[in-house]
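The data block below is run_29.pdb; it holds PDB, C-alpha atoms.
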ATOM      1  CA  PHE C  82     107.337  97.469 109.257
ATOM      2  CA  PRO C  83     103.534  96.968 108.888
ATOM      3  CA  VAL C  84     102.308  96.146 105.375
ATOM      4  CA  THR C  85     100.466  99.482 105.244
ATOM      5  CA  ILE C  86     103.786 101.344 105.493
ATOM      6  CA  TYR C  87     105.064  99.536 102.405
ATOM      7  CA  GLN C  88     101.814 100.221 100.561
ATOM      8  CA  ILE C  89     101.788 103.934 101.367
ATOM      9  CA  ALA C  90     105.473 104.276 100.525
ATOM     10  CA  LYS C  91     104.879 102.591  97.171
ATOM     11  CA  MET C  92     102.124 105.121  96.379
ATOM     12  CA  ASN C  93     104.650 107.927  96.987
ATOM     13  CA  SER C  94     101.883 110.503  97.410
ATOM     14  CA  GLY C  95     104.154 112.836  99.346
ATOM     15  CA  ARG C  96     101.301 113.432 101.794
ATOM     16  CA  MET C  97     102.256 111.277 104.794
ATOM     17  CA  MET C  98     105.274 111.195 107.062
ATOM     18  CA  ALA C  99     106.350 108.588 109.598
ATOM     19  CA  GLN C 100     109.060 108.304 112.221
ATOM     20  CA  LEU C 101     110.466 105.093 113.641
ATOM     21  CA  ASN C 102     110.710 105.216 117.410
ATOM     22  CA  LYS C 103     111.833 102.195 119.397
ATOM     23  CA  THR C 104     111.969 104.022 122.736
ATOM     24  CA  GLY C 105     108.178 104.113 123.236
ATOM     25  CA  GLN C 106     107.799 107.843 122.611
ATOM     26  CA  LYS C 107     104.780 108.070 120.353
ATOM     27  CA  HIS C 108     104.963 111.867 120.258
ATOM     28  CA  ALA C 109     108.170 111.743 118.190
ATOM     29  CA  ALA C 110     106.297 111.968 114.890
ATOM     30  CA  VAL C 111     104.247 114.855 116.254
ATOM     31  CA  GLN C 112     107.410 116.819 116.996
ATOM     32  CA  LEU C 113     108.624 116.031 113.477
ATOM     33  CA  LEU C 114     105.372 117.454 112.088
ATOM     34  CA  ILE C 115     105.637 120.577 114.244
ATOM     35  CA  GLU C 116     109.197 121.192 113.087
ATOM     36  CA  ALA C 117     108.238 120.652 109.448
ATOM     37  CA  THR C 118     105.365 123.140 109.525
ATOM     38  CA  SER C 119     106.983 125.855 111.652
ATOM     39  CA  VAL C 120     108.608 127.723 108.766
ATOM     40  CA  VAL C 121     108.301 131.521 108.863
ATOM     41  CA  TRP C 122     107.574 132.079 105.183
ATOM     42  CA  THR C 123     107.600 135.858 105.483
ATOM     43  CA  GLY C 124     111.143 135.890 106.881
ATOM     44  CA  SER C 125     114.573 136.098 105.312
ATOM     45  CA  ASN C 126     116.389 132.805 104.628
ATOM     46  CA  THR C 127     113.955 130.979 106.906
ATOM     47  CA  ALA C 128     113.284 127.964 104.663
ATOM     48  CA  LYS C 129     114.764 124.807 106.151
ATOM     49  CA  THR C 130     115.416 121.123 105.700
ATOM     50  CA  ASN C 131     114.202 118.639 108.307
ATOM     51  CA  LYS C 132     117.332 116.541 108.299
ATOM     52  CA  PHE C 133     119.801 117.227 111.151
ATOM     53  CA  LYS C 134     117.078 118.758 113.338
ATOM     54  CA  GLN C 135     117.092 117.957 117.048
ATOM     55  CA  GLN C 136     113.968 116.878 118.916
ATOM     56  CA  ASN C 137     114.299 118.153 122.463
ATOM     57  CA  LEU C 138     111.343 116.134 123.732
ATOM     58  CA  VAL C 139     112.435 112.849 122.169
ATOM     59  CA  GLN C 140     115.088 110.397 123.291
ATOM     60  CA  SER C 141     117.465 109.509 120.486
ATOM     61  CA  ASP C 142     118.013 105.866 119.607
ATOM     62  CA  ALA C 143     121.698 105.007 119.374
ATOM     63  CA  ASN C 144     120.772 101.437 118.436
ATOM     64  CA  ILE C 145     119.606 102.274 114.917
ATOM     65  CA  THR C 146     121.764  99.905 112.909
ATOM     66  CA  THR C 147     122.873 100.414 109.331
ATOM     67  CA  ASN C 148     120.441  97.706 108.284
ATOM     68  CA  ILE C 149     117.519  99.433 110.015
ATOM     69  CA  ALA C 150     118.562 102.811 108.610
ATOM     70  CA  ASP C 151     118.741 101.402 105.078
ATOM     71  CA  LYS C 152     115.239  99.955 105.378
ATOM     72  CA  CYS C 153     113.907 103.278 106.684
ATOM     73  CA  ASP C 154     115.636 105.245 103.931
ATOM     74  CA  ALA C 155     114.231 102.952 101.257
ATOM     75  CA  LEU C 156     110.678 103.610 102.451
ATOM     76  CA  GLY C 157     111.055 107.243 103.465
ATOM     77  CA  VAL C 158     110.624 106.518 107.178
ATOM     78  CA  ASN C 159     112.426 109.000 109.446
ATOM     79  CA  TYR C 160     114.330 108.104 112.604
ATOM     80  CA  TYR C 161     115.994 109.981 115.444
ATOM     81  CA  THR C 162     119.493 108.725 116.156
ATOM     82  CA  ASP C 163     123.039 109.639 117.149
ATOM     83  CA  VAL C 164     125.725 110.477 114.625
ATOM     84  CA  ARG C 165     129.062 110.899 116.397
ATOM     85  CA  SER C 166     127.232 111.951 119.582
ATOM     86  CA  TYR C 167     125.032 114.417 117.667
ATOM     87  CA  ASN C 168     121.308 113.734 118.037
ATOM     88  CA  MET C 169     119.511 114.301 114.744
ATOM     89  CA  VAL C 170     116.547 113.460 112.546
ATOM     90  CA  ALA C 171     117.308 111.416 109.454
ATOM     91  CA  GLU C 172     116.461 111.754 106.600
ATOM     92  CA  GLY C 173     113.654 114.310 106.585
ATOM     93  CA  THR C 174     111.405 112.593 104.036
ATOM     94  CA  MET C 175     107.768 111.789 103.422
ATOM     95  CA  LEU C 176     106.775 108.147 102.974
ATOM     96  CA  GLY C 177     107.914 107.249  99.493
ATOM     97  CA  GLY C 178     111.006 109.459  99.548
ATOM     98  CA  GLU C 179     109.862 113.023  98.776
ATOM     99  CA  TRP C 180     111.629 115.558 100.981
ATOM    100  CA  ILE C 181     109.370 116.932 103.719
ATOM    101  CA  ASP C 182     110.503 120.496 103.038
ATOM    102  CA  VAL C 183     109.509 120.192  99.363
ATOM    103  CA  THR C 184     105.969 119.076 100.233
ATOM    104  CA  VAL C 185     105.555 121.806 102.851
ATOM    105  CA  PHE C 186     106.955 124.429 100.456
ATOM    106  CA  LYS C 187     104.572 123.506  97.631
ATOM    107  CA  ASP C 188     101.565 123.661  99.953
ATOM    108  CA  ALA C 189     102.660 127.009 101.389
ATOM    109  CA  PHE C 190     103.376 128.556  97.988
ATOM    110  CA  LEU C 191      99.995 127.485  96.626
ATOM    111  CA  GLU C 192      98.187 128.833  99.677
ATOM    112  CA  TYR C 193      99.903 132.236  99.534
ATOM    113  CA  ALA C 194      99.317 132.457  95.772
ATOM    114  CA  GLN C 195      95.626 131.630  96.111
ATOM    115  CA  VAL C 196      95.128 134.199  98.867
ATOM    116  CA  GLU C 197      97.012 136.862  96.896
ATOM    117  CA  ALA C 198      94.954 136.167  93.763
ATOM    118  CA  PHE C 199      91.670 136.292  95.666
ATOM    119  CA  ASN C 200      92.571 139.530  97.449
ATOM    120  CA  PHE C 201      93.638 141.148  94.184
ATOM    121  CA  LEU C 202      90.395 140.242  92.428
ATOM    122  CA  ALA C 203      88.276 141.216  95.432
ATOM    123  CA  ARG C 204      89.886 144.630  95.931
ATOM    124  CA  ASN C 205      90.152 145.661  92.290
ATOM    125  CA  ASN C 206      87.858 145.738  89.278
ATOM    126  CA  VAL C 207      90.120 143.629  87.081
ATOM    127  CA  PRO C 208      89.133 143.661  83.399
ATOM    128  CA  GLN C 209      88.906 140.369  81.538
ATOM    129  CA  THR C 210      91.696 141.410  79.182
ATOM    130  CA  ASP C 211      95.388 140.694  78.662
ATOM    131  CA  PHE C 212      96.116 143.914  80.568
ATOM    132  CA  GLY C 213      94.038 142.698  83.510
ATOM    133  CA  GLN C 214      95.751 139.296  83.386
ATOM    134  CA  GLN C 215      99.181 140.910  83.563
ATOM    135  CA  ALA C 216      98.019 142.942  86.553
ATOM    136  CA  LEU C 217      96.974 139.703  88.252
ATOM    137  CA  ILE C 218     100.358 138.160  87.501
ATOM    138  CA  GLY C 219     101.974 141.306  88.906
ATOM    139  CA  ALA C 220     100.226 140.594  92.206
ATOM    140  CA  LEU C 221     101.407 136.969  92.161
ATOM    141  CA  ILE C 222     104.994 138.091  91.578
ATOM    142  CA  LYS C 223     104.948 139.404  95.144
ATOM    143  CA  VAL C 224     104.491 135.806  96.289
ATOM    144  CA  GLY C 225     107.406 134.691  94.139
ATOM    145  CA  GLU C 226     109.561 137.404  95.664
ATOM    146  CA  MET C 227     108.561 136.406  99.177
ATOM    147  CA  PHE C 228     109.618 132.812  98.574
ATOM    148  CA  ARG C 229     112.854 133.956  96.988
ATOM    149  CA  GLN C 230     113.496 136.085 100.063
ATOM    150  CA  ASN C 231     112.826 133.230 102.489
ATOM    151  CA  GLY C 232     115.304 131.029 100.622
ATOM    152  CA  SER C 233     112.903 128.563  99.027
ATOM    153  CA  LEU C 234     113.504 129.707  95.448
ATOM    154  CA  ALA C 235     116.773 130.415  93.675
ATOM    155  CA  SER C 236     118.228 130.847  90.221
ATOM    156  CA  GLY C 237     118.706 127.649  88.246
ATOM    157  CA  THR C 238     118.319 125.882  84.915
ATOM    158  CA  TRP C 239     114.793 124.910  83.874
ATOM    159  CA  THR C 240     114.892 121.207  82.969
ATOM    160  CA  LEU C 241     111.197 120.470  82.461
ATOM    161  CA  SER C 242     108.870 121.120  79.534
ATOM    162  CA  PRO C 243     108.607 124.668  78.117
ATOM    163  CA  ILE C 244     106.143 127.095  79.696
ATOM    164  CA  GLY C 245     105.287 130.194  77.694
ATOM    165  CA  ASN C 246     108.542 131.887  76.752
ATOM    166  CA  LEU C 247     110.536 129.697  79.153
ATOM    167  CA  GLN C 248     112.319 126.961  77.242
ATOM    168  CA  THR C 249     113.958 123.789  78.504
ATOM    169  CA  GLY C 250     117.564 124.688  79.368
ATOM    170  CA  ASP C 251     116.835 128.368  80.053
ATOM    171  CA  VAL C 252     118.113 129.889  83.290
ATOM    172  CA  LEU C 253     115.324 130.876  85.636
ATOM    173  CA  ASP C 254     117.090 133.914  87.076
ATOM    174  CA  LEU C 255     114.651 134.685  89.882
ATOM    175  CA  GLY C 256     113.657 131.115  90.625
ATOM    176  CA  TYR C 257     110.065 131.705  89.479
ATOM    177  CA  TYR C 258     108.135 132.476  86.291
ATOM    178  CA  PHE C 259     104.419 133.161  85.778
ATOM    179  CA  TYR C 260     102.785 132.824  82.395
ATOM    180  CA  SER C 261      99.281 133.106  80.961
ATOM    181  CA  ALA C 262      98.132 132.743  77.371
ATOM    182  CA  SER C 263      96.217 135.569  75.699
ATOM    183  CA  PHE C 264      92.495 136.020  76.202
ATOM    184  CA  ALA C 265      92.256 135.595  72.435
ATOM    185  CA  THR C 266      92.533 131.850  73.104
ATOM    186  CA  GLN C 267      89.821 131.747  75.768
ATOM    187  CA  THR C 268      86.646 129.779  75.104
ATOM    188  CA  THR C 269      83.288 131.537  74.970
ATOM    189  CA  ALA C 270      82.067 129.517  77.941
ATOM    190  CA  ASP C 271      85.004 130.569  80.129
ATOM    191  CA  ARG C 272      84.617 134.189  79.075
ATOM    192  CA  GLU C 273      80.918 134.193  79.914
ATOM    193  CA  ALA C 274      81.779 132.574  83.254
ATOM    194  CA  ARG C 275      84.132 135.556  83.855
ATOM    195  CA  LYS C 276      87.173 133.381  84.369
ATOM    196  CA  ALA C 277      90.713 134.686  84.279
ATOM    197  CA  MET C 278      93.169 132.871  82.055
ATOM    198  CA  PRO C 279      94.945 129.990  83.831
ATOM    199  CA  VAL C 280      98.278 130.970  85.357
ATOM    200  CA  ASN C 281     101.167 128.582  84.723
ATOM    201  CA  VAL C 282     103.931 128.723  87.315
ATOM    202  CA  ALA C 283     107.522 127.517  86.968
ATOM    203  CA  LEU C 284     109.455 127.288  90.233
ATOM    204  CA  LYS C 285     113.113 126.434  90.859
ATOM    205  CA  TYR C 286     113.449 125.111  94.383
ATOM    206  CA  SER C 287     116.740 125.961  96.062
ATOM    207  CA  GLY C 288     117.110 122.670  97.962
ATOM    208  CA  PHE C 289     119.532 122.000 100.825
ATOM    209  CA  MET C 290     122.938 120.336 101.170
ATOM    210  CA  HIS C 291     122.789 117.021 103.040
ATOM    211  CA  THR C 292     126.057 115.359 102.035
ATOM    212  CA  VAL C 293     129.472 116.255 100.646
ATOM    213  CA  ASP C 294     132.280 114.243  99.026
ATOM    214  CA  LEU C 295     135.750 115.237 100.171
TER
END

Translate this structure into structure tokens?
Amino acid sequence: FPVTIYQIAKMNSGRMMAQLNKTGQKHAAVQLLIEATSVVWTGSNTAKTNKFKQQNLVQSDANITTNIADKCDALGVNYYTDVRSYNMVAEGTMLGGEWIDVTVFKDAFLEYAQVEAFNFLARNNVPQTDFGQQALIGALIKVGEMFRQNGSLASGTWTLSPIGNLQTGDVLDLGYYFYSASFATQTTADREARKAMPVNVALKYSGFMHTVDL
């Protein structure tokens, strides 16, 4: 692999994907990108992993050896190969090892949340009070519900640092939790700038099964 691939993988920014293709089909990575970003977020159980996906416009490479696969996996480089005559993408990662679906999910969730927050503030005269803040969070809950419906979020144990009333080890029943501190803690400068209180978001990603021990 080129030195730049090693350098980018080491950064592990989660912002770049690559696909090894030894059959001369440079569009392989483009099809990987299209598949990764074609999630219907407003649907039901539409979230998806990128592993196992088939690329109809790409020729699979049956000559991907274990050694080559191990090197790709270590860097987060994807490849399109045959597994018992089944053509599939492996492993569905960004350079550095982050799952592609995780990166795409985080971008999509943030975008929907930002749009929902803007629309709520633009269409309503929201007071700069704890009541107004809870109304804003109520609007954002619709985004949480949408991502629970599409299969991205699920119930699970919160293992990170506490957020608001959510403690480490608590079960996040809905897969999401929004929290804002009281306006009593807001600085004078932020109040005069008419800022809402920051919204902290805890999300429990559902993930996908890739392997099983039998």

Report, as lines of an AutoDock Vina configuration file, the axis-aligned box around all atoms of segment 258-272 of chain C present in the file, extended by 5 Å on each side; give centre and edge lengths in Å to one decimal place.
center_x = 95.1
center_y = 132.8
center_z = 79.4
size_x = 36.1
size_y = 16.5
size_z = 23.9

Go through C:Trp122, C:Tyr161, C:Tyr87, C:Phe228 and flag the residue nearest Asn137 of chain C, using only C-alpha atoms for the distances.
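Smallest distance to Asn137 of chain C is found for C:Tyr161.
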
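Closest approach to Ser119 of chain C from the set C:Leu176, C:Met290, C:Ala189, C:Ile244 is made by C:Ala189, with distances taken over only C-alpha atoms.
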
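Here the question is which of C:Ser233, C:Thr147, C:Gln248, C:Ser287 gets nearest to Val164 of chain C using only C-alpha atoms, and that residue is C:Thr147.
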
Excluding Met169 of chain C and residues on its chain fewer than 4 positions from it, collect all residues at most 9 Å away from it, counting all atoms listed in the file, and give them as an mmCIF file with C-alpha atoms, keeping the file's coordinate frame.
data_model
loop_
_atom_site.group_PDB
_atom_site.id
_atom_site.type_symbol
_atom_site.label_atom_id
_atom_site.label_comp_id
_atom_site.auth_asym_id
_atom_site.auth_seq_id
_atom_site.Cartn_x
_atom_site.Cartn_y
_atom_site.Cartn_z
ATOM 1 C CA LYS C 132 117.332 116.541 108.299
ATOM 2 C CA PHE C 133 119.801 117.227 111.151
ATOM 3 C CA LYS C 134 117.078 118.758 113.338
ATOM 4 C CA GLN C 135 117.092 117.957 117.048
ATOM 5 C CA GLN C 136 113.968 116.878 118.916
ATOM 6 C CA SER C 141 117.465 109.509 120.486
ATOM 7 C CA TYR C 160 114.330 108.104 112.604
ATOM 8 C CA TYR C 161 115.994 109.981 115.444
ATOM 9 C CA THR C 162 119.493 108.725 116.156
ATOM 10 C CA ASP C 163 123.039 109.639 117.149
ATOM 11 C CA VAL C 164 125.725 110.477 114.625
#

Atom-to-atom span, atom CA of Val196 of chain C and atom CA of Gln214 of chain C, Å:
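Computed distance, atom CA of Val196 of chain C to atom CA of Gln214 of chain C, equals 16.3 Å.
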
I need the residue nearest Ile218 of chain C from this list: C:Leu241, C:Met175, C:Ala270, C:Leu202. Use all atoms listed in the file for the distance.
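Between C:Leu241, C:Met175, C:Ala270, C:Leu202, the residue approaching Ile218 of chain C most closely is C:Leu202.
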
Quick one: apply the PyMOL selection byres ((chain C and resi 224) around 12) to the file and drop the selected residues here as a PyMOL selection string.
chain C and resi 122-123+189-198+217-223+225-231+233-234+256-259+282+284

Between atom CA of Asn159 of chain C and atom CA of Phe82 of chain C, distance in Å (one decimal):
12.6 Å

Expansion of the PyMOL selection byres ((chain C and resi 250) around 8) into residues, as a ChimeraX atom specification
/C:238-240,248-249,251-252

Could you dump the residues just selected with C-alpha atoms as a compact mmCIF listing (two decimals), keeping the file's coordinate frame?
# COMPACT_ATOMS: atom_id res chain seq x y z
CA THR C 238 118.32 125.88 84.92
CA TRP C 239 114.79 124.91 83.87
CA THR C 240 114.89 121.21 82.97
CA GLN C 248 112.32 126.96 77.24
CA THR C 249 113.96 123.79 78.50
CA ASP C 251 116.84 128.37 80.05
CA VAL C 252 118.11 129.89 83.29

List the spatial neighbours of Met92 of chain C as number ranges by chain - criterion: any atom at most 12 Å away, only C-alpha atoms, same-chain residues fewer than 6 positions off excluded.
C: 85-86, 156-157, 175-179

Do you know which residues lie at most 12 Å from (87.5, 134.1, 75.4), with coordinates as in the file and all atoms listed in the file counted, and could you write them as a PDB file with C-alpha atoms, in the frame of the given file?
ATOM      1  CA  GLN C 209      88.906 140.369  81.538  1.00  0.00           C
ATOM      2  CA  THR C 210      91.696 141.410  79.182  1.00  0.00           C
ATOM      3  CA  ASP C 211      95.388 140.694  78.662  1.00  0.00           C
ATOM      4  CA  ALA C 262      98.132 132.743  77.371  1.00  0.00           C
ATOM      5  CA  SER C 263      96.217 135.569  75.699  1.00  0.00           C
ATOM      6  CA  PHE C 264      92.495 136.020  76.202  1.00  0.00           C
ATOM      7  CA  ALA C 265      92.256 135.595  72.435  1.00  0.00           C
ATOM      8  CA  THR C 266      92.533 131.850  73.104  1.00  0.00           C
ATOM      9  CA  GLN C 267      89.821 131.747  75.768  1.00  0.00           C
ATOM     10  CA  THR C 268      86.646 129.779  75.104  1.00  0.00           C
ATOM     11  CA  THR C 269      83.288 131.537  74.970  1.00  0.00           C
ATOM     12  CA  ALA C 270      82.067 129.517  77.941  1.00  0.00           C
ATOM     13  CA  ASP C 271      85.004 130.569  80.129  1.00  0.00           C
ATOM     14  CA  ARG C 272      84.617 134.189  79.075  1.00  0.00           C
ATOM     15  CA  GLU C 273      80.918 134.193  79.914  1.00  0.00           C
ATOM     16  CA  ALA C 274      81.779 132.574  83.254  1.00  0.00           C
ATOM     17  CA  ARG C 275      84.132 135.556  83.855  1.00  0.00           C
ATOM     18  CA  LYS C 276      87.173 133.381  84.369  1.00  0.00           C
ATOM     19  CA  ALA C 277      90.713 134.686  84.279  1.00  0.00           C
ATOM     20  CA  MET C 278      93.169 132.871  82.055  1.00  0.00           C
ATOM     21  CA  PRO C 279      94.945 129.990  83.831  1.00  0.00           C
TER      22      PRO C 279
END

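Rounded to one decimal, atom CA of Asp151 of chain C and atom CA of Ala128 of chain C lie 27.1 Å from each other.
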
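Among the candidates C:Tyr167, C:Phe212, C:Phe199, C:Trp180, the residue lying nearest to Ala143 of chain C is C:Tyr167 (atoms considered: only C-alpha atoms).
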
Determine the nearest neighbour of Ala110 of chain C from the options C:Ala283, C:Val170, C:Leu255, C:Ile89, counting only C-alpha atoms.
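That would be C:Val170, the residue with the smallest distance to Ala110 of chain C.
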
Could you list, as an mmCIF file with C-alpha atoms, keeping the file's coordinate frame, every residue within 7 Å of Asn131 of chain C, counting only C-alpha atoms and ignoring same-chain residues fewer than 2 positions away?
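So the final result, stored in around30.cif, reads:
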data_model
loop_
_atom_site.group_PDB
_atom_site.id
_atom_site.type_symbol
_atom_site.label_atom_id
_atom_site.label_comp_id
_atom_site.auth_asym_id
_atom_site.auth_seq_id
_atom_site.Cartn_x
_atom_site.Cartn_y
_atom_site.Cartn_z
ATOM 1 C CA ALA C 117 108.238 120.652 109.448
ATOM 2 C CA LYS C 129 114.764 124.807 106.151
ATOM 3 C CA PHE C 133 119.801 117.227 111.151
ATOM 4 C CA LYS C 134 117.078 118.758 113.338
ATOM 5 C CA GLY C 173 113.654 114.310 106.585
ATOM 6 C CA ILE C 181 109.370 116.932 103.719
ATOM 7 C CA ASP C 182 110.503 120.496 103.038
#
